[in-house]
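Chemist: Please find one structure pasted underneath; my questions will follow.
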There are 2 protein chains.
Amino acid sequence: MRRLSGMARRRQAVTIKHVAADAGVSLQTVSRVVNKEPSVRPEMVARVQEAIDRLGYVPSIAAQRMGGSRSYLIVALNDRERTIADWRARQGTDWVDQMLLGGMLTCATYGYRMIVELVDTHSDHIARELMGAIAALQPDGVILTPPHSENPLIVDLLEAQRISFVRIGSRRAGAGFALTMDDERAARIATEHLIALGHERIGFIAGPPDYELSAWRVDGWRAAMADAGLADDLLASGDFGYASGQQAAVALLDAADPATAIIASNDQMALATLETCRDRKIVVPRDLSLISFDNTPIVRFTHPPLTAIDQPIAELAGRAVELIIAELGGREAPEQPIVLPAKLELRQSTAPRR
Amino acid sequence: MRRLSGMARRRQAVTIKHVAADAGVSLQTVSRVVNKEPSVRPEMVARVQEAIDRLGYVPSIAAQRMGGSRSYLIVALNDRERTIADWRARQGTDWVDQMLLGGMLTCATYGYRMIVELVDTHSDHIARELMGAIAALQPDGVILTPPHSENPLIVDLLEAQRISFVRIGSRRAGAGFALTMDDERAARIATEHLIALGHERIGFIAGPPDYELSAWRVDGWRAAMADAGLADDLLASGDFGYASGQQAAVALLDAADPATAIIASNDQMALATLETCRDRKIVVPRDLSLISFDNTPIVRFTHPPLTAIDQPIAELAGRAVELIIAELGGREAPEQPIVLPAKLELRQSTAPRR
DNA sequence: ATGAAAGCGCTAACAT
DNA sequence: ATGTTAGCGCTTTCAT
């Protein structure tokens with residue numbers, strides 16, 4: 001057995017003092033060099049930088065924060081319930097992965113770190129949880145993901161705290177930057193693809209109403225149908241869960257004039273639709289074309305692999321980080337929501353209508 | 001356009017001072033209550049706690065760290081190259097997800113946060129990168145994952161810094177805790193399952209040698225084969241990549257006395273084997289039984305779904321966090337490597353030998 | 001059992 | 001252009 005209770009209180013190995021002493025300058029000059037302030041003579045910069053490199057000095061973000069500077073921390077807020085459920089289910093939902101890597105790598109290029117936090121959207125103590133995270137971490141910025149992006153409690157709180165934040169998957173004006181992949185356009189593209197294949201009875205399985213993007217996707221589908229002079233009666237609603245997808249699929253397939261093509265608002269509901277077809281000996285894509293709205297890894301391994309909307313999640317996270325850092329730097333930020341377009345990934349689940 | 005350059009230097013909303021004033025006690029007493037020190041009268045604790053709750057006070061971890069206490073931060077170190085490659089490929093590798101959630105949720109229960117950091121294993125500036133992260137974040141602990149867990153540079157550096165750390169996927173004694181899923185036993189179980197099904201020509205596709213676990217898995221297979229009196233000549237080596245899996249599969253299937261069952265050391269190589277079989281009209285599991293060593297989401301969606309070793313990655317990460325926090329608390333820690341056993345997940349890719 | 005004082009590493013504000 | 005001073009919010013001494 002080993003005991004380390006007596007572990008020496010760990011101090012910073014090399015501090016700004018050491019560098020200052022080594023370079024024969026004041027603390028402040030070192031600080032200025034570290035923070036790339038303009039008012040330092042080049043020769044001084046060189047001397048200090050040399051000392052920094054030789055000593056391997058890296059500033060402590062805790063101390064920087066205490067000194068009134070940034071924390072170099074960005075918090076990415078995800079929905080607890082949903083994130084944990086997806087993780088437990090192990091069904092290949094790679095949202096967190098895409099989010100984490102996209103945000104993290106961009107953070108790294110700016111000397112920032114990203115911390116993932118989970119909070120319940122449907123909770124009365126949501127304000128307490130959020131305030132706790134903010135008070136503890138003092139992040140320089142917060143990235144909101146759906147459905148938090150539309151949660152007025154969260155948005156108002158962040159605004160009141162004057163923390164710069166980004167709302168991913170939101171188009172609303174207001175506090176924080178809105179960053180979206182344009183769900184409406186994505187749904188439109190998917191629908192138009194099916195129309196081009198000759199389909200006229202195109203069903204749509206919507207997501208839950210607490211995600212605003214659910215409505216946008218329906219809008220896009222509806223608009224494309226209207227443009228083509230087609231009826232938009234084949235709308236079914238789901239909740240992003242597998243079971244709801246089954247029910248929706250059954251409804252669309254059992255309609256008097258049934259669907260010959262279906263767009264599902266996420267991968268689980270698309271998978272459920274595929275399974276429902278298999279049960280009923282409906283062959284995809286021969287008898288039914290199917291499009292998923294999530295390009296998660298599994299939709300490439302189903303039979304047939306699914307044509308899907310590819311959401312630029314990593315890019316959104318990266319861009320979110322850049323917006324926050326830009327605002328911190330006092331740079332002007334766009335008033336208009338930024339749009340990173342989704343693409344339609346063509347695979348084998350869509351075919352011309354028979 | 002909006003400018004926020006003049007954003008007021010953000011201060012902690014409610015500090016220990018406010019609580020002290022509100023409760024009519026000294027800073028120190030509040031600190032003692034927060035840190036659950038025993039030497040405070042119950043009535044005092046109650047009074048202070050009431051003020052804390054009412055004011056919604058949460059200590060700043062930056063300030064705590066500056067005061068010489070913990071940082072409440074744990075760094076999880078992953079291999080940069082591999083992690084980025086897996087993420088880009090979007091092939092459903094959910095290692096990071098499992099790692100993150102498992103570690104994060106356990107951290108949360110203890111008031112800790114986990115920060116994922118990527119560093120190159122094969123790099124001369126690895127020491128600099130690691131020291132930079134340590135100096136900047138001052139983490140209370142570090143979780144090492146393969147292949148970092150066996151990297152002497154990293155291990156020695158962490159030991160020298162006296163930072164408590166855990167080596168996941170390692171059995172070596174030495175600094176830091178070793179935490180493993182017992183790869184040897186997992187390989188043995190998989191092999192024995194095939195032997196029980198009547199297979200005698202069982203091939204094994206090994207992983208790259210810079211992962212020690214690659215050798216352990218081979219050992220487990222070899223031991224099981226020896227126990228059953230079977231030859232262990234059907235060993236092929238891969239590098240965890242798809243292409244290497246194809247080559248290995250071809251070698252095992254083209255042997256003079258070919259394999260009737262194959263165990264692949266990871267999912268990509270198992271998938272490659274499955275694809276190779278399909279090309280050659282070898283039906284799985286009728287003609288060949290196949291076991292994957294990764295229970296990633298996709299292996300459930302292949303045809304047939306693959307029998308696979310399920311690695312308890314999330315549990316390992318959670319346990320790693322607990323070990324670090326326990327050591328920080330001065331509690332005794334086990335000298336022996338901790339083993340969280342893997343399970344064999346039976347699906348449809350294994351069948352009795354024909 | 002509680003309080004007062006000093007200092008952690010850094011930066012902002014104010015000198016020079 | 002550089003140095004000096006005074007905190008930031010907290011925890012550790014050390015006193016009482």
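By convention here, the chains of the structure tokens are called A, B, ... in the order presented, each chain's residues are numbered starting at 1, and ligands are numbered starting at 1 in the order presented.
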Can you list every residue of chain B that has an atom at most 8 Å from chain C, with its nearest atom pair and the distance in Å to one decimal, using only C-alpha atoms (C1' of nucleotides), ordered by chain then number, as a tab-separated table?

Modeler:
residue	atom	partner	partner_atom	distance
B:Ser26	CA	C:DG3	C1'	6.4
B:Gln28	CA	C:DG3	C1'	7.3
B:Thr29	CA	C:DT2	C1'	7.1
B:Ser39	CA	C:DA1	C1'	6.4
B:Val40	CA	C:DA1	C1'	6.2
B:Arg41	CA	C:DA1	C1'	7.1
B:Met66	CA	C:DC8	C1'	4.8
B:Gly67	CA	C:DC8	C1'	5.4
B:Gly68	CA	C:DC8	C1'	6.4

Chemist: Considering only C-alpha atoms (C1' of nucleotides), give me a table of residues in chain A that are at most 12 Å from chain D, with the closest atom pair and distance in Å for each, as a Markdown table.

Modeler:
| residue | atom | partner | partner_atom | distance |
| --- | --- | --- | --- | --- |
| A:Arg9 | CA | D:DT12 | C1' | 10.1 |
| A:Ala20 | CA | D:DG3 | C1' | 11.9 |
| A:Gly24 | CA | D:DG3 | C1' | 11.9 |
| A:Val25 | CA | D:DT2 | C1' | 8.6 |
| A:Ser26 | CA | D:DG3 | C1' | 6.3 |
| A:Leu27 | CA | D:DG3 | C1' | 8.6 |
| A:Gln28 | CA | D:DG3 | C1' | 7.5 |
| A:Thr29 | CA | D:DT2 | C1' | 7.0 |
| A:Val30 | CA | D:DT2 | C1' | 10.7 |
| A:Ser31 | CA | D:DT2 | C1' | 11.9 |
| A:Arg32 | CA | D:DT2 | C1' | 10.4 |
| A:Glu37 | CA | D:DA1 | C1' | 11.6 |
| A:Pro38 | CA | D:DA1 | C1' | 10.1 |
| A:Ser39 | CA | D:DA1 | C1' | 6.4 |
| A:Val40 | CA | D:DA1 | C1' | 6.2 |
| A:Arg41 | CA | D:DA1 | C1' | 7.1 |
| A:Pro42 | CA | D:DA1 | C1' | 10.8 |
| A:Glu43 | CA | D:DA1 | C1' | 11.7 |
| A:Met44 | CA | D:DA1 | C1' | 9.9 |
| A:Val45 | CA | D:DA1 | C1' | 11.7 |
| A:Ala62 | CA | D:DC8 | C1' | 10.7 |
| A:Ala63 | CA | D:DC8 | C1' | 9.0 |
| A:Gln64 | CA | D:DC8 | C1' | 9.6 |
| A:Arg65 | CA | D:DC8 | C1' | 8.1 |
| A:Met66 | CA | D:DC8 | C1' | 4.7 |
| A:Gly67 | CA | D:DC8 | C1' | 5.5 |
| A:Gly68 | CA | D:DC8 | C1' | 6.4 |
| A:Ser69 | CA | D:DC8 | C1' | 9.8 |
| A:Ala135 | CA | D:DG9 | C1' | 11.5 |
| A:Ala136 | CA | D:DG9 | C1' | 11.4 |

Chemist: Please determine the contact residues of chain A with respect to chain B at a cut-off of 7 Å, counting only C-alpha atoms, and supply them as a PyMOL selection string.

Modeler: chain A and resi 1-5+9+12+58-63+65-66+68+90-92+96-97+115+132+135-137+297-298+301-302+327-335

Chemist: What gap, in Å, lies between atom CA of B:Pro341 and atom CA of B:Glu200?

Modeler: 25.6 Å

Chemist: Going by DSSP on the backbone, which bits of stretch 313-353 of chain A are alpha helix (DSSP H)? Write them as a list in words, please.

Modeler: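 Residues meeting the alpha helix (DSSP H) criterion: Ile313, Ala314, Glu315, Leu316, Ala317, Gly318, Arg319, Ala320, Val321, Glu322, Leu323, Ile324, Ile325, Ala326, Glu327 and Leu328 of chain A.
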
Chemist: Could you save those same residues with all heavy atoms as a short mmCIF file (atom, residue, chain, number, x, y, z; two decimals), in the first residue's frame?

Modeler:
data_model
loop_
_atom_site.label_atom_id
_atom_site.label_comp_id
_atom_site.auth_asym_id
_atom_site.auth_seq_id
_atom_site.Cartn_x
_atom_site.Cartn_y
_atom_site.Cartn_z
N ILE A 313 -21.43 19.31 -37.58
CA ILE A 313 -21.38 19.55 -36.14
C ILE A 313 -20.01 20.03 -35.67
O ILE A 313 -19.89 21.00 -34.93
CB ILE A 313 -21.78 18.28 -35.37
CG1 ILE A 313 -23.19 17.87 -35.78
CG2 ILE A 313 -21.70 18.51 -33.87
CD1 ILE A 313 -23.55 16.46 -35.40
N ALA A 314 -18.98 19.35 -36.13
CA ALA A 314 -17.63 19.73 -35.72
C ALA A 314 -17.30 21.15 -36.19
O ALA A 314 -16.72 21.94 -35.45
CB ALA A 314 -16.62 18.74 -36.28
N GLU A 315 -17.67 21.46 -37.41
CA GLU A 315 -17.41 22.79 -37.94
C GLU A 315 -18.18 23.84 -37.15
O GLU A 315 -17.66 24.93 -36.88
CB GLU A 315 -17.82 22.88 -39.42
CG GLU A 315 -16.95 22.06 -40.36
CD GLU A 315 -17.37 20.60 -40.42
OE1 GLU A 315 -18.22 20.18 -39.60
OE2 GLU A 315 -16.85 19.87 -41.28
N LEU A 316 -19.40 23.52 -36.78
CA LEU A 316 -20.20 24.45 -35.99
C LEU A 316 -19.51 24.72 -34.65
O LEU A 316 -19.40 25.87 -34.21
CB LEU A 316 -21.61 23.89 -35.75
CG LEU A 316 -22.57 23.94 -36.94
CD1 LEU A 316 -23.80 23.09 -36.66
CD2 LEU A 316 -22.98 25.37 -37.26
N ALA A 317 -19.04 23.66 -34.02
CA ALA A 317 -18.39 23.82 -32.73
C ALA A 317 -17.12 24.65 -32.88
O ALA A 317 -16.83 25.54 -32.07
CB ALA A 317 -18.07 22.45 -32.13
N GLY A 318 -16.36 24.36 -33.93
CA GLY A 318 -15.13 25.11 -34.17
C GLY A 318 -15.42 26.59 -34.40
O GLY A 318 -14.77 27.47 -33.84
N ARG A 319 -16.41 26.83 -35.20
CA ARG A 319 -16.80 28.21 -35.50
C ARG A 319 -17.30 28.91 -34.24
O ARG A 319 -17.03 30.09 -34.02
CB ARG A 319 -17.91 28.17 -36.55
CG ARG A 319 -18.05 29.34 -37.41
CD ARG A 319 -16.99 29.43 -38.51
NE ARG A 319 -17.24 30.65 -39.28
CZ ARG A 319 -17.06 31.87 -38.80
NH1 ARG A 319 -16.56 32.01 -37.59
NH2 ARG A 319 -17.37 32.93 -39.51
N ALA A 320 -18.02 28.19 -33.43
CA ALA A 320 -18.53 28.74 -32.16
C ALA A 320 -17.37 29.22 -31.29
O ALA A 320 -17.40 30.32 -30.75
CB ALA A 320 -19.36 27.69 -31.43
N VAL A 321 -16.37 28.39 -31.21
CA VAL A 321 -15.18 28.75 -30.42
C VAL A 321 -14.56 30.02 -30.98
O VAL A 321 -14.22 30.95 -30.24
CB VAL A 321 -14.16 27.60 -30.44
CG1 VAL A 321 -12.81 28.07 -29.91
CG2 VAL A 321 -14.67 26.42 -29.63
N GLU A 322 -14.43 30.09 -32.29
CA GLU A 322 -13.81 31.26 -32.90
C GLU A 322 -14.63 32.53 -32.67
O GLU A 322 -14.06 33.60 -32.45
CB GLU A 322 -13.61 31.03 -34.40
CG GLU A 322 -12.44 30.08 -34.67
CD GLU A 322 -12.30 29.72 -36.14
OE1 GLU A 322 -13.27 29.91 -36.89
OE2 GLU A 322 -11.21 29.24 -36.51
N LEU A 323 -15.93 32.40 -32.70
CA LEU A 323 -16.77 33.57 -32.45
C LEU A 323 -16.56 34.09 -31.04
O LEU A 323 -16.45 35.30 -30.81
CB LEU A 323 -18.25 33.20 -32.65
CG LEU A 323 -18.72 33.13 -34.10
CD1 LEU A 323 -20.09 32.50 -34.18
CD2 LEU A 323 -18.73 34.52 -34.73
N ILE A 324 -16.51 33.18 -30.10
CA ILE A 324 -16.31 33.58 -28.71
C ILE A 324 -14.97 34.26 -28.52
O ILE A 324 -14.87 35.33 -27.92
CB ILE A 324 -16.43 32.35 -27.78
CG1 ILE A 324 -17.89 31.91 -27.71
CG2 ILE A 324 -15.89 32.67 -26.39
CD1 ILE A 324 -18.10 30.58 -27.01
N ILE A 325 -13.93 33.66 -29.07
CA ILE A 325 -12.60 34.22 -28.91
C ILE A 325 -12.49 35.57 -29.62
O ILE A 325 -11.86 36.50 -29.12
CB ILE A 325 -11.53 33.23 -29.41
CG1 ILE A 325 -11.55 31.98 -28.51
CG2 ILE A 325 -10.15 33.86 -29.40
CD1 ILE A 325 -10.64 30.87 -28.94
N ALA A 326 -13.14 35.67 -30.76
CA ALA A 326 -13.11 36.94 -31.49
C ALA A 326 -13.79 38.04 -30.67
O ALA A 326 -13.29 39.16 -30.58
CB ALA A 326 -13.80 36.80 -32.85
N GLU A 327 -14.90 37.70 -30.08
CA GLU A 327 -15.60 38.69 -29.27
C GLU A 327 -14.76 39.10 -28.07
O GLU A 327 -14.69 40.28 -27.71
CB GLU A 327 -16.95 38.15 -28.79
CG GLU A 327 -17.65 39.16 -27.90
CD GLU A 327 -19.10 38.80 -27.67
OE1 GLU A 327 -19.40 37.97 -26.80
OE2 GLU A 327 -19.95 39.35 -28.38
N LEU A 328 -14.10 38.13 -27.47
CA LEU A 328 -13.23 38.43 -26.33
C LEU A 328 -12.14 39.40 -26.76
O LEU A 328 -11.74 40.29 -25.99
CB LEU A 328 -12.58 37.12 -25.85
CG LEU A 328 -13.13 36.47 -24.60
CD1 LEU A 328 -14.59 36.78 -24.37
CD2 LEU A 328 -12.92 34.98 -24.65
#

Chemist: Using only C-alpha atoms (C1' of nucleotides), which protein or nucleic acid residues come within 8 Å of A:Phe165? Drop anything in the same chain fewer than 6 positions from it, and give the result as a ChimeraX atom specification.

Modeler: /A:141-144,158,176-177,324

Chemist: What gap, in Å, lies between atom CA of B:Leu55 and atom CA of A:Ile154?

Modeler: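 So the two atoms, atom CA of B:Leu55 and atom CA of A:Ile154, lie 18.9 Å apart.
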
Chemist: Select from stretch 105-324 of chain A everything DSSP, run on the backbone, classes as strand (DSSP E), then give the selection as number ranges by chain.

Modeler: A: 113-119, 141-144, 164-168, 177-180, 202-206, 235-237, 261-264, 289-292, 307-310

Chemist: Take atom CA of B:Ala231 and atom CA of B:Glu192 and report the distance between them in Å, one decimal.

Modeler: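 Distance between the two atoms: 13.8 Å.
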
Chemist: Would you kindly return, as JSON, numbers by chain, each protein, DNA or RNA residue with an atom no farther than 6 Å from any atom of stretch 184-189 of chain B, considering only C-alpha atoms (C1' of nucleotides) and excluding same-chain residues fewer than 6 positions away?

Modeler: {"B": [216, 217, 220, 221, 224, 342]}
